[in-house]
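For reference, the structure discussed in these notes is given below.
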Amino acid sequence: MPKPITEPHKLLDSLKKTFKLESDKELSEFLDLPPSAISKVRIGNNGPSAYFVLKVHKATKWPVERIEFLCPEIQEHRP
(Lines give C-alpha, C1' and ligand atoms only; values in the text may rest on other atoms or scores of the structure.)
Protein backbone atom coordinates (compact mmCIF):
# COMPACT_ATOMS: atom_id res chain seq x y z
CA MET A 1 0.00 0.00 0.00
CA PRO A 2 1.53 3.37 -0.99
CA LYS A 3 2.09 6.08 1.59
CA PRO A 4 -0.34 9.00 1.46
CA ILE A 5 1.08 12.22 0.08
CA THR A 6 0.35 14.60 2.91
CA GLU A 7 1.87 17.47 4.83
CA PRO A 8 0.50 16.96 8.36
CA HIS A 9 3.78 18.32 9.72
CA LYS A 10 2.30 21.78 9.13
CA LEU A 11 -0.41 21.06 11.70
CA LEU A 12 2.13 19.61 14.14
CA ASP A 13 4.47 22.57 13.70
CA SER A 14 1.61 25.02 14.15
CA LEU A 15 0.60 23.32 17.39
CA LYS A 16 4.18 23.43 18.68
CA LYS A 17 4.56 27.10 17.79
CA THR A 18 1.17 28.20 19.15
CA PHE A 19 1.53 26.37 22.45
CA LYS A 20 5.29 27.01 22.77
CA LEU A 21 6.25 23.35 22.77
CA GLU A 22 9.92 22.61 22.17
CA SER A 23 9.73 19.06 20.86
CA ASP A 24 7.46 16.38 19.47
CA LYS A 25 7.74 14.66 22.85
CA GLU A 26 6.22 17.73 24.53
CA LEU A 27 3.58 17.79 21.81
CA SER A 28 2.72 14.15 22.46
CA GLU A 29 2.31 14.90 26.17
CA PHE A 30 0.18 17.97 25.38
CA LEU A 31 -2.10 15.91 23.11
CA ASP A 32 -2.03 12.87 25.41
CA LEU A 33 -0.78 10.64 22.61
CA PRO A 34 2.25 8.35 22.50
CA PRO A 35 5.35 9.90 20.88
CA SER A 36 5.18 7.19 18.21
CA ALA A 37 1.77 8.48 17.09
CA ILE A 38 3.22 11.96 16.52
CA SER A 39 6.21 10.50 14.69
CA LYS A 40 4.05 8.35 12.39
CA VAL A 41 1.86 11.32 11.47
CA ARG A 42 4.87 13.60 10.96
CA ILE A 43 6.68 11.25 8.57
CA GLY A 44 3.50 10.29 6.75
CA ASN A 45 3.24 6.63 7.75
CA ASN A 46 -0.17 7.34 9.27
CA GLY A 47 -2.54 10.06 8.23
CA PRO A 48 -4.24 12.13 10.91
CA SER A 49 -7.06 9.86 12.08
CA ALA A 50 -10.38 10.96 13.55
CA TYR A 51 -8.99 10.03 16.98
CA PHE A 52 -5.95 12.24 16.36
CA VAL A 53 -8.17 15.16 15.32
CA LEU A 54 -10.32 14.64 18.41
CA LYS A 55 -7.22 14.72 20.63
CA VAL A 56 -6.08 17.97 18.96
CA HIS A 57 -9.54 19.48 19.41
CA LYS A 58 -9.75 18.46 23.08
CA ALA A 59 -6.26 19.78 23.89
CA THR A 60 -6.57 23.07 22.01
CA LYS A 61 -10.33 23.77 21.99
CA TRP A 62 -9.83 24.67 18.32
CA PRO A 63 -12.85 24.05 16.09
CA VAL A 64 -12.46 21.11 13.73
CA GLU A 65 -12.62 23.56 10.80
CA ARG A 66 -9.39 25.19 11.99
CA ILE A 67 -7.69 21.81 12.32
CA GLU A 68 -8.87 20.91 8.81
CA PHE A 69 -7.55 24.23 7.49
CA LEU A 70 -4.12 23.47 8.92
CA CYS A 71 -4.23 19.88 7.66
CA PRO A 72 -6.39 19.73 4.50
CA GLU A 73 -5.55 16.04 4.05
CA ILE A 74 -8.20 15.34 6.69
CA GLN A 75 -10.92 16.58 4.35
CA GLU A 76 -9.66 14.39 1.52
CA HIS A 77 -10.28 11.23 3.57
CA ARG A 78 -13.89 11.98 4.46
CA PRO A 79 -16.50 9.59 3.06
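Every chain in the C-alpha coordinates takes a letter, A first, then B, and so on in the order presented; its residues are numbered from 1, and the ligands are numbered from 1 following the presented order.
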
Subject >> Selection: 10 Å around Asp32 of chain A, only C-alpha atoms, excl. self and same-chain fewer than 2 positions, as a PyMOL selection string >> reply: chain A and resi 26-30+34-35+52+55-56+58-59

**OP:** Apply DSSP to the structure's backbone, then extract all residues of segment 10-79 of chain A labelled helix (DSSP H, G or I) and return them as a PyMOL selection string.
**Re:** chain A and resi 10-18+24-31+35-43+50-60+64-70+73-76

Subject >> Two-atom distance - atom CA of Ile38 of chain A, atom CA of Glu7 of chain A (Å) >> reply: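 Going from atom CA of Ile38 of chain A over to atom CA of Glu7 of chain A covers 13.0 Å.
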
**OP:** Kindly indicate which residue among A:Lys25, A:Leu11, A:Gly44, A:Ser49 lies nearest to Cys71 of chain A, using only C-alpha atoms for the distances.
**Re:**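 Going through A:Lys25, A:Leu11, A:Gly44, A:Ser49 one by one, the smallest distance to Cys71 of chain A is for A:Leu11.
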
**OP:** Could you give me, as a PyMOL selection string, the residues within 9 Å of Ser14 of chain A, counting only C-alpha atoms and dropping anything in the same chain fewer than 5 positions from it?
**Re:** chain A and resi 9+19+70

**OP:** Pick out the closest residue to Val41 of chain A from this set: A:Thr60, A:Arg66, A:Lys17, A:Val53. Count only C-alpha atoms.
**Re:** A:Val53

**OP:** Quick one: everything within 10 Å of Ala37 of chain A, counting only C-alpha atoms, minus sequence neighbours fewer than 5 positions away in the same chain. Send it as a ChimeraX atom specification.
**Re:** /A:28,42,45-48,52

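Across the structure, atom CA of Ser36 of chain A and atom CA of Glu65 of chain A are spaced 25.3 Å apart.
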